[in-house]
Amino acid sequence: MAARARVLIRPKEGILDPQGKAVERALPALGFEGIEHVRVGRMVELEADDPALLAELCEKLLANPLIEDYEIERLDGAG
Amino acid sequence: MRWGVLQFPGSCDERDALHACSLIGEARLVWHEERGLDDIEAIVVPGGFSYGDYLRAGAIARFSPAMEAVAEFAAAGGPVLGICNGFQVLCEAGLLPGALLLNESMRFSCRQVDLLADGPETGAGVEFSSRRPTLSIPAKHGEGRYFAPAGALDALEANGQVAYRYAPGQNPNGSARDIAGVRNEAGNVVGLMPHPEHAVDPLTGSTDGLRVFEAVAATGAPA
């Protein structure tokens, strides 16, 4: 059975994230005060026959390691 | 010189690039599934939205058969010019250093910019500088903010790998150190965000773009 996983991709620390900034700036107008350091990333859900490939998949395609960090989260309880 | 202009699903500037190349040589389109570049002496990876720019701009195009052929072509010393999305593709493919991020303004920016040609003392860039200090070329993109880690930027500058900078005050996207274009260490692969292929006819206000194509042609032929 294929393994289910979720990959979270976010801009690396220190890289300006204009989307996060725009969200942050919009919040006070809606009455949300005290929200800081908003970062906007991407989430990819997938099923893989061979979960051992996931890290390479992230390095080569799902994330650009120069500008993004990623985390692989298994959804089927496996490590 | 015979130019090949890549065409991906979602490319949109390949016709202008083809026209620009045909003004200084012969040119044909290279469909993204094609690997045969034997008749080609210089490559343009054009602007547009290859494969819809899904995931990240240029991320999918780098895996196309044509790009695999371009990587071999570049490794053999063949001249390659990436424009806008083509620059993003070359960065994603690892043929050029750095990455292009969402514009600082978050807005698509479309305007005429002045570029300063930069580069090694013997490189094509300095030729531009002495003939004409700036190039007036349109820039139109949403993801053109050049990024590389600070140490890498220092190395690019020290090696003369910064090919073009936006003139002071004209950086349209928040690019690090006003960088508009870079070249690889060997100097045969160049990428820039602004569009020289849209500035080759007096009708559209500037013919400065031709100098970018001429400089690429001057970097040499495949070994």
# chains A, B, ... in the order shown; residues from 1 in each chain; ligands from 1
call {"tool": "select_by_dssp", "arguments": {"residues": "segment 15-207 of chain B", "states": "alpha helix (DSSP H)", "output": "VMD selection string"}}
result
chain B and resid 15 to 24 65 to 75 85 to 92 124 to 131 150 to 158
call {"tool": "residues_around", "arguments": {"residues": "Leu53 of chain A", "least_positions_apart": "6", "cutoff": "12 Å", "atoms": "only C-alpha atoms", "output": "JSON, numbers by chain"}}
result
{"A": [3, 5, 47, 59, 60, 61, 72]}
call {"tool": "write_last_selection", "arguments": {"atoms": "C-alpha atoms", "output": "CSV table (one decimal), in the first residue's frame"}}
result
chain,number,residue,atom,x,y,z
A,3,ALA,CA,2.5,5.7,1.9
A,5,ALA,CA,2.7,12.0,3.2
A,47,GLU,CA,1.0,9.0,-1.9
A,59,GLU,CA,15.3,18.4,-3.0
A,60,LYS,CA,14.9,18.1,-6.8
A,61,LEU,CA,11.4,19.3,-7.4
A,72,ILE,CA,8.1,15.6,5.3
call {"tool": "closest_atom_pairs", "arguments": {"of": "chain B", "to": "chain A", "cutoff": "9 Å", "atoms": "only C-alpha atoms", "output": "Markdown table"}}
result
| residue | atom | partner | partner_atom | distance |
| --- | --- | --- | --- | --- |
| B:Leu55 | CA | A:Leu62 | CA | 7.1 |
| B:Arg56 | CA | A:Ala63 | CA | 8.5 |
| B:Ala59 | CA | A:Leu61 | CA | 6.6 |
| B:Ile60 | CA | A:Leu61 | CA | 7.7 |
| B:Glu92 | CA | A:Asn64 | CA | 7.7 |
| B:Gly98 | CA | A:Leu66 | CA | 7.4 |
| B:Ala99 | CA | A:Ile67 | CA | 7.4 |
| B:Leu101 | CA | A:Ile67 | CA | 8.5 |
| B:Leu102 | CA | A:Pro18 | CA | 7.3 |
| B:Asn103 | CA | A:Pro18 | CA | 7.7 |
| B:Glu104 | CA | A:Pro18 | CA | 5.7 |
| B:Ser105 | CA | A:Pro18 | CA | 7.1 |
| B:Met106 | CA | A:Pro18 | CA | 6.2 |
| B:Phe147 | CA | A:Ile67 | CA | 8.2 |
| B:Ala148 | CA | A:Leu66 | CA | 7.7 |
| B:Pro149 | CA | A:Leu66 | CA | 8.2 |
call {"tool": "write_last_selection", "arguments": {"atoms": "C-alpha atoms", "output": "compact mmCIF listing (two decimals), in the first residue's frame"}}
result
# COMPACT_ATOMS: atom_id res chain seq x y z
CA LEU B 55 5.02 24.83 -8.25
CA ARG B 56 7.71 27.50 -8.89
CA ALA B 59 10.69 24.26 -11.80
CA ILE B 60 9.01 21.87 -14.23
CA GLU B 92 16.19 26.00 -11.37
CA GLY B 98 20.67 31.94 -7.41
CA ALA B 99 16.90 32.04 -7.60
CA LEU B 101 11.56 35.27 -5.94
CA LEU B 102 8.21 37.05 -5.89
CA ASN B 103 8.66 40.80 -6.47
CA GLU B 104 8.98 42.70 -3.22
CA SER B 105 5.90 44.75 -4.22
CA MET B 106 3.93 41.50 -4.84
CA PHE B 147 18.32 36.13 -4.56
CA ALA B 148 21.50 34.37 -3.56
CA PRO B 149 23.03 34.05 -0.09
call {"tool": "select_by_dssp", "arguments": {"residues": "segment 2-78 of chain A", "states": "strand (DSSP E or B)", "output": "ChimeraX atom specification"}}
result
/A:3-11,42-48,68-74
call {"tool": "residues_around", "arguments": {"residues": "Asn173 of chain B", "least_positions_apart": "2", "cutoff": "10 Å", "atoms": "only C-alpha atoms", "output": "number ranges by chain"}}
result
B: 100-109, 141-146, 170-171, 175-176, 178, 180
call {"tool": "closest_residue", "arguments": {"among": "B:Ala69, B:Leu29, B:Val182, B:Leu116", "to": "Ala155 of chain B", "atoms": "only C-alpha atoms"}}
result
B:Val182
call {"tool": "residues_around", "arguments": {"residues": "Val89 of chain B", "least_positions_apart": "4", "cutoff": "12 Å", "atoms": "only C-alpha atoms", "output": "short mmCIF file (atom, residue, chain, number, x, y, z; two decimals) with C-alpha atoms, in the first residue's frame"}}
result
data_model
loop_
_atom_site.label_atom_id
_atom_site.label_comp_id
_atom_site.auth_asym_id
_atom_site.auth_seq_id
_atom_site.Cartn_x
_atom_site.Cartn_y
_atom_site.Cartn_z
CA LEU B 6 13.20 26.85 -26.94
CA PHE B 8 7.62 25.15 -23.85
CA SER B 11 6.14 30.13 -23.46
CA VAL B 44 17.72 31.16 -26.15
CA VAL B 45 15.46 30.01 -23.32
CA PRO B 46 12.63 32.51 -23.74
CA GLY B 47 10.16 34.25 -21.47
CA GLY B 48 6.64 33.21 -20.62
CA PHE B 49 5.08 30.82 -18.17
CA SER B 50 6.53 27.41 -18.99
CA TYR B 51 4.23 24.60 -17.87
CA ASP B 53 4.86 28.08 -13.81
CA ARG B 56 7.71 27.50 -8.89
CA ALA B 57 8.57 29.45 -12.01
CA GLY B 58 10.84 27.26 -14.13
CA ALA B 59 10.69 24.26 -11.80
CA ILE B 60 9.01 21.87 -14.23
CA ALA B 61 10.60 23.11 -17.45
CA ARG B 62 14.04 22.14 -16.24
CA PHE B 63 13.11 18.47 -16.58
CA SER B 64 12.09 18.73 -20.24
CA ALA B 66 15.09 20.05 -24.53
CA MET B 67 16.51 21.37 -21.25
CA GLU B 68 18.52 18.17 -20.77
CA VAL B 70 20.64 22.46 -23.29
CA ALA B 71 22.50 21.36 -20.14
CA VAL B 80 22.96 30.08 -23.77
CA LEU B 81 20.79 33.11 -23.05
CA GLY B 82 17.88 32.87 -20.64
CA ILE B 83 15.34 35.67 -20.61
CA CYS B 84 12.83 36.19 -17.79
CA ASN B 85 11.16 32.78 -17.40
CA ALA B 93 18.31 23.77 -13.60
CA GLY B 94 21.44 24.78 -11.72
CA LEU B 95 23.01 26.21 -14.86
CA LEU B 96 23.03 29.64 -13.23
CA PRO B 97 23.47 30.50 -9.55
CA GLY B 98 20.67 31.94 -7.41
CA ALA B 99 16.90 32.04 -7.60
CA LEU B 100 14.14 34.45 -8.59
CA VAL B 190 23.74 34.24 -19.21
CA GLY B 191 20.33 35.00 -17.79
CA LEU B 192 18.46 38.24 -17.19
CA MET B 193 14.95 39.27 -16.19
#
call {"tool": "residues_around", "arguments": {"residues": "Val23 of chain A", "least_positions_apart": "2", "cutoff": "12 Å", "atoms": "only C-alpha atoms", "output": "list in words"}}
result
Asp17, Pro18, Gln19, Gly20, Lys21, Arg25, Ala26, Leu27, Pro28, Ala29, Leu30, Phe32, Ile35, Glu36, His37, Val38, Arg39 and Val40 of chain A; Met106 of chain B
call {"tool": "write_last_selection", "arguments": {"atoms": "C-alpha atoms", "output": "PDB file, in the first residue's frame"}}
result
ATOM      1  CA  ASP A  17       8.356  36.872   2.214  1.00  0.00           C
ATOM      2  CA  PRO A  18       6.129  39.573   0.653  1.00  0.00           C
ATOM      3  CA  GLN A  19       3.032  37.365   0.906  1.00  0.00           C
ATOM      4  CA  GLY A  20       3.526  36.959   4.626  1.00  0.00           C
ATOM      5  CA  LYS A  21       4.091  40.700   4.968  1.00  0.00           C
ATOM      6  CA  ARG A  25      -0.391  44.219   7.185  1.00  0.00           C
ATOM      7  CA  ALA A  26      -3.992  43.294   6.428  1.00  0.00           C
ATOM      8  CA  LEU A  27      -4.712  41.868   9.871  1.00  0.00           C
ATOM      9  CA  PRO A  28      -5.025  45.072  11.961  1.00  0.00           C
ATOM     10  CA  ALA A  29      -7.718  46.381   9.592  1.00  0.00           C
ATOM     11  CA  LEU A  30      -9.769  43.313  10.480  1.00  0.00           C
ATOM     12  CA  PHE A  32      -6.565  41.213  14.674  1.00  0.00           C
ATOM     13  CA  ILE A  35       0.046  38.947  14.967  1.00  0.00           C
ATOM     14  CA  GLU A  36       3.660  38.898  13.844  1.00  0.00           C
ATOM     15  CA  HIS A  37       6.156  37.003  11.712  1.00  0.00           C
ATOM     16  CA  VAL A  38       3.609  35.663   9.244  1.00  0.00           C
ATOM     17  CA  ARG A  39       5.210  33.392   6.656  1.00  0.00           C
ATOM     18  CA  VAL A  40       3.317  31.901   3.735  1.00  0.00           C
TER      19      VAL A  40
ATOM     20  CA  MET B 106       3.934  41.497  -4.840  1.00  0.00           C
TER      21      MET B 106
END
call {"tool": "atom_distance", "arguments": {"atom1": "atom CA of Ala75 of chain B", "atom2": "atom CA of Leu90 of chain B"}}
result
12.8 Å
call {"tool": "residues_around", "arguments": {"residues": "segment 111-114 of chain B", "least_positions_apart": "5", "cutoff": "12 Å", "atoms": "only C-alpha atoms", "output": "ChimeraX atom specification"}}
result
/B:132-142,164-173,178,180,193-196,198-199,204-206,208-209
call {"tool": "write_last_selection", "arguments": {"atoms": "C-alpha atoms", "output": "PDB file, in the first residue's frame"}}
result
ATOM      1  CA  ARG B 132      27.028  52.710 -24.530  1.00  0.00           C
ATOM      2  CA  PRO B 133      26.786  53.017 -20.767  1.00  0.00           C
ATOM      3  CA  THR B 134      23.237  51.758 -20.350  1.00  0.00           C
ATOM      4  CA  LEU B 135      20.748  49.590 -22.204  1.00  0.00           C
ATOM      5  CA  SER B 136      17.108  50.652 -22.283  1.00  0.00           C
ATOM      6  CA  ILE B 137      15.071  47.438 -22.214  1.00  0.00           C
ATOM      7  CA  PRO B 138      11.570  46.525 -21.002  1.00  0.00           C
ATOM      8  CA  ALA B 139      11.124  44.419 -17.884  1.00  0.00           C
ATOM      9  CA  LYS B 140       7.831  42.603 -17.233  1.00  0.00           C
ATOM     10  CA  HIS B 141       7.571  40.018 -14.510  1.00  0.00           C
ATOM     11  CA  GLY B 142       6.018  39.113 -11.190  1.00  0.00           C
ATOM     12  CA  TYR B 164      23.542  43.273 -15.726  1.00  0.00           C
ATOM     13  CA  ARG B 165      22.369  45.590 -12.997  1.00  0.00           C
ATOM     14  CA  TYR B 166      19.385  47.889 -12.850  1.00  0.00           C
ATOM     15  CA  ALA B 167      20.492  51.520 -13.031  1.00  0.00           C
ATOM     16  CA  PRO B 168      20.378  53.247  -9.630  1.00  0.00           C
ATOM     17  CA  GLY B 169      16.787  53.770  -8.475  1.00  0.00           C
ATOM     18  CA  GLN B 170      15.308  51.503 -11.173  1.00  0.00           C
ATOM     19  CA  ASN B 171      15.317  48.135  -9.441  1.00  0.00           C
ATOM     20  CA  PRO B 172      11.701  47.049 -10.114  1.00  0.00           C
ATOM     21  CA  ASN B 173      11.528  43.998  -7.865  1.00  0.00           C
ATOM     22  CA  ASP B 178      20.283  45.602  -8.092  1.00  0.00           C
ATOM     23  CA  ALA B 180      19.199  42.049 -13.235  1.00  0.00           C
ATOM     24  CA  MET B 193      14.946  39.266 -16.192  1.00  0.00           C
ATOM     25  CA  PRO B 194      14.416  42.190 -18.624  1.00  0.00           C
ATOM     26  CA  HIS B 195      13.519  41.409 -22.228  1.00  0.00           C
ATOM     27  CA  PRO B 196      16.144  42.289 -24.846  1.00  0.00           C
ATOM     28  CA  HIS B 198      11.398  43.280 -27.150  1.00  0.00           C
ATOM     29  CA  ALA B 199      13.970  46.007 -27.814  1.00  0.00           C
ATOM     30  CA  THR B 204       9.244  49.944 -30.050  1.00  0.00           C
ATOM     31  CA  GLY B 205      11.588  52.650 -28.827  1.00  0.00           C
ATOM     32  CA  SER B 206      14.958  50.959 -28.386  1.00  0.00           C
ATOM     33  CA  ASP B 208      19.568  48.119 -27.250  1.00  0.00           C
ATOM     34  CA  GLY B 209      18.383  44.542 -26.837  1.00  0.00           C
TER      35      GLY B 209
END
call {"tool": "residues_around", "arguments": {"residues": "Arg6 of chain A", "least_positions_apart": "5", "cutoff": "12 Å", "atoms": "only C-alpha atoms", "output": "JSON list (two decimals) with N, CA and C atoms, in the first residue's frame"}}
result
[["chain", "number", "residue", "atom", "x", "y", "z"],
["A", 42, "ARG", "N", 3.82, 26.51, 1.25],
["A", 42, "ARG", "CA", 3.04, 25.62, 0.39],
["A", 42, "ARG", "C", 2.91, 24.28, 1.06],
["A", 43, "MET", "N", 1.83, 23.57, 0.78],
["A", 43, "MET", "CA", 1.70, 22.22, 1.29],
["A", 43, "MET", "C", 1.40, 21.28, 0.13],
["A", 44, "VAL", "N", 2.10, 20.17, 0.10],
["A", 44, "VAL", "CA", 1.87, 19.17, -0.94],
["A", 44, "VAL", "C", 1.51, 17.86, -0.27],
["A", 45, "GLU", "N", 0.37, 17.28, -0.62],
["A", 45, "GLU", "CA", 0.02, 15.95, -0.12],
["A", 45, "GLU", "C", 0.24, 14.96, -1.25],
["A", 46, "LEU", "N", 0.73, 13.79, -0.90],
["A", 46, "LEU", "CA", 0.98, 12.81, -1.95],
["A", 46, "LEU", "C", 0.97, 11.39, -1.39],
["A", 47, "GLU", "N", 0.89, 10.45, -2.31],
["A", 47, "GLU", "CA", 1.01, 9.04, -1.95],
["A", 47, "GLU", "C", 2.20, 8.48, -2.70],
["A", 48, "ALA", "N", 3.04, 7.75, -2.00],
["A", 48, "ALA", "CA", 4.26, 7.24, -2.62],
["A", 48, "ALA", "C", 4.40, 5.75, -2.38],
["A", 51, "PRO", "N", 8.39, 5.47, -0.03],
["A", 51, "PRO", "CA", 8.59, 6.71, 0.72],
["A", 51, "PRO", "C", 10.06, 7.10, 0.87],
["A", 54, "LEU", "N", 11.13, 10.25, -0.95],
["A", 54, "LEU", "CA", 10.53, 11.55, -0.70],
["A", 54, "LEU", "C", 11.55, 12.67, -0.53],
["A", 55, "ALA", "N", 12.63, 12.40, 0.19],
["A", 55, "ALA", "CA", 13.60, 13.46, 0.43],
["A", 55, "ALA", "C", 14.22, 13.94, -0.88],
["A", 58, "CYS", "N", 11.82, 16.03, -2.78],
["A", 58, "CYS", "CA", 11.74, 17.40, -2.26],
["A", 58, "CYS", "C", 12.92, 18.23, -2.72],
["A", 62, "LEU", "N", 10.02, 19.50, -5.37],
["A", 62, "LEU", "CA", 8.97, 20.16, -4.59],
["A", 62, "LEU", "C", 9.46, 21.43, -3.92],
["A", 70, "TYR", "N", 11.92, 22.47, 3.86],
["A", 70, "TYR", "CA", 10.77, 21.59, 3.77],
["A", 70, "TYR", "C", 10.78, 20.58, 4.90],
["A", 71, "GLU", "N", 9.59, 20.10, 5.20],
["A", 71, "GLU", "CA", 9.43, 19.04, 6.21],
["A", 71, "GLU", "C", 8.55, 17.97, 5.61],
["A", 72, "ILE", "N", 8.94, 16.73, 5.81],
["A", 72, "ILE", "CA", 8.11, 15.63, 5.33],
["A", 72, "ILE", "C", 7.39, 15.01, 6.51],
["A", 73, "GLU", "N", 6.10, 14.94, 6.42],
["A", 73, "GLU", "CA", 5.29, 14.43, 7.52],
["A", 73, "GLU", "C", 4.55, 13.20, 7.00],
["A", 74, "ARG", "N", 4.76, 12.06, 7.65],
["A", 74, "ARG", "CA", 4.05, 10.84, 7.22],
["A", 74, "ARG", "C", 2.66, 10.84, 7.82],
["A", 75, "LEU", "N", 1.66, 10.55, 7.00],
["A", 75, "LEU", "CA", 0.27, 10.60, 7.47],
["A", 75, "LEU", "C", -0.27, 9.23, 7.85],
["A", 76, "ASP", "N", 0.55, 8.20, 7.64],
["A", 76, "ASP", "CA", 0.06, 6.85, 7.90],
["A", 76, "ASP", "C", 0.69, 6.25, 9.15],
["A", 77, "GLY", "N", 1.26, 7.12, 9.97],
["A", 77, "GLY", "CA", 1.81, 6.64, 11.25],
["A", 77, "GLY", "C", 3.20, 6.08, 11.16]]
call {"tool": "decode", "arguments": {"residues": "segment 62-121 of chain B", "atoms": "C-alpha atoms", "output": "PDB file, in the first residue's frame"}}
result
ATOM      1  CA  ARG B  62      14.043  22.144 -16.239  1.00  0.00           C
ATOM      2  CA  PHE B  63      13.109  18.471 -16.580  1.00  0.00           C
ATOM      3  CA  SER B  64      12.085  18.729 -20.236  1.00  0.00           C
ATOM      4  CA  PRO B  65      14.068  16.775 -22.862  1.00  0.00           C
ATOM      5  CA  ALA B  66      15.087  20.051 -24.532  1.00  0.00           C
ATOM      6  CA  MET B  67      16.513  21.373 -21.254  1.00  0.00           C
ATOM      7  CA  GLU B  68      18.516  18.172 -20.766  1.00  0.00           C
ATOM      8  CA  ALA B  69      19.995  18.818 -24.207  1.00  0.00           C
ATOM      9  CA  VAL B  70      20.643  22.455 -23.288  1.00  0.00           C
ATOM     10  CA  ALA B  71      22.504  21.359 -20.136  1.00  0.00           C
ATOM     11  CA  GLU B  72      24.832  19.220 -22.288  1.00  0.00           C
ATOM     12  CA  PHE B  73      25.170  22.039 -24.809  1.00  0.00           C
ATOM     13  CA  ALA B  74      26.109  24.490 -22.044  1.00  0.00           C
ATOM     14  CA  ALA B  75      28.574  22.042 -20.479  1.00  0.00           C
ATOM     15  CA  ALA B  76      30.311  21.840 -23.863  1.00  0.00           C
ATOM     16  CA  GLY B  77      30.710  25.625 -23.851  1.00  0.00           C
ATOM     17  CA  GLY B  78      27.772  26.526 -26.081  1.00  0.00           C
ATOM     18  CA  PRO B  79      26.334  30.015 -25.558  1.00  0.00           C
ATOM     19  CA  VAL B  80      22.964  30.079 -23.771  1.00  0.00           C
ATOM     20  CA  LEU B  81      20.791  33.113 -23.052  1.00  0.00           C
ATOM     21  CA  GLY B  82      17.878  32.868 -20.636  1.00  0.00           C
ATOM     22  CA  ILE B  83      15.340  35.675 -20.612  1.00  0.00           C
ATOM     23  CA  CYS B  84      12.831  36.193 -17.786  1.00  0.00           C
ATOM     24  CA  ASN B  85      11.157  32.776 -17.405  1.00  0.00           C
ATOM     25  CA  GLY B  86      14.185  31.395 -19.252  1.00  0.00           C
ATOM     26  CA  PHE B  87      16.416  32.892 -16.552  1.00  0.00           C
ATOM     27  CA  GLN B  88      14.215  31.231 -13.918  1.00  0.00           C
ATOM     28  CA  VAL B  89      14.495  27.917 -15.760  1.00  0.00           C
ATOM     29  CA  LEU B  90      18.306  28.162 -15.946  1.00  0.00           C
ATOM     30  CA  CYS B  91      18.496  28.911 -12.212  1.00  0.00           C
ATOM     31  CA  GLU B  92      16.187  26.001 -11.375  1.00  0.00           C
ATOM     32  CA  ALA B  93      18.306  23.768 -13.604  1.00  0.00           C
ATOM     33  CA  GLY B  94      21.440  24.779 -11.718  1.00  0.00           C
ATOM     34  CA  LEU B  95      23.011  26.212 -14.864  1.00  0.00           C
ATOM     35  CA  LEU B  96      23.028  29.641 -13.231  1.00  0.00           C
ATOM     36  CA  PRO B  97      23.471  30.501  -9.548  1.00  0.00           C
ATOM     37  CA  GLY B  98      20.674  31.942  -7.411  1.00  0.00           C
ATOM     38  CA  ALA B  99      16.898  32.044  -7.599  1.00  0.00           C
ATOM     39  CA  LEU B 100      14.145  34.454  -8.594  1.00  0.00           C
ATOM     40  CA  LEU B 101      11.557  35.267  -5.945  1.00  0.00           C
ATOM     41  CA  LEU B 102       8.214  37.053  -5.892  1.00  0.00           C
ATOM     42  CA  ASN B 103       8.663  40.796  -6.473  1.00  0.00           C
ATOM     43  CA  GLU B 104       8.978  42.703  -3.225  1.00  0.00           C
ATOM     44  CA  SER B 105       5.901  44.747  -4.224  1.00  0.00           C
ATOM     45  CA  MET B 106       3.934  41.497  -4.840  1.00  0.00           C
ATOM     46  CA  ARG B 107       2.831  43.128  -8.085  1.00  0.00           C
ATOM     47  CA  PHE B 108       3.579  42.251 -11.672  1.00  0.00           C
ATOM     48  CA  SER B 109       5.868  45.027 -12.862  1.00  0.00           C
ATOM     49  CA  CYS B 110       5.975  46.157 -16.506  1.00  0.00           C
ATOM     50  CA  ARG B 111       8.228  49.090 -17.369  1.00  0.00           C
ATOM     51  CA  GLN B 112      11.197  50.228 -19.411  1.00  0.00           C
ATOM     52  CA  VAL B 113      14.398  49.987 -17.337  1.00  0.00           C
ATOM     53  CA  ASP B 114      17.970  51.100 -17.833  1.00  0.00           C
ATOM     54  CA  LEU B 115      20.494  48.304 -17.414  1.00  0.00           C
ATOM     55  CA  LEU B 116      24.169  48.669 -16.688  1.00  0.00           C
ATOM     56  CA  ALA B 117      26.235  45.976 -18.304  1.00  0.00           C
ATOM     57  CA  ASP B 118      28.727  44.606 -15.842  1.00  0.00           C
ATOM     58  CA  GLY B 119      31.303  41.878 -15.910  1.00  0.00           C
ATOM     59  CA  PRO B 120      34.879  40.740 -16.114  1.00  0.00           C
ATOM     60  CA  GLU B 121      37.399  43.154 -17.571  1.00  0.00           C
TER      61      GLU B 121
END
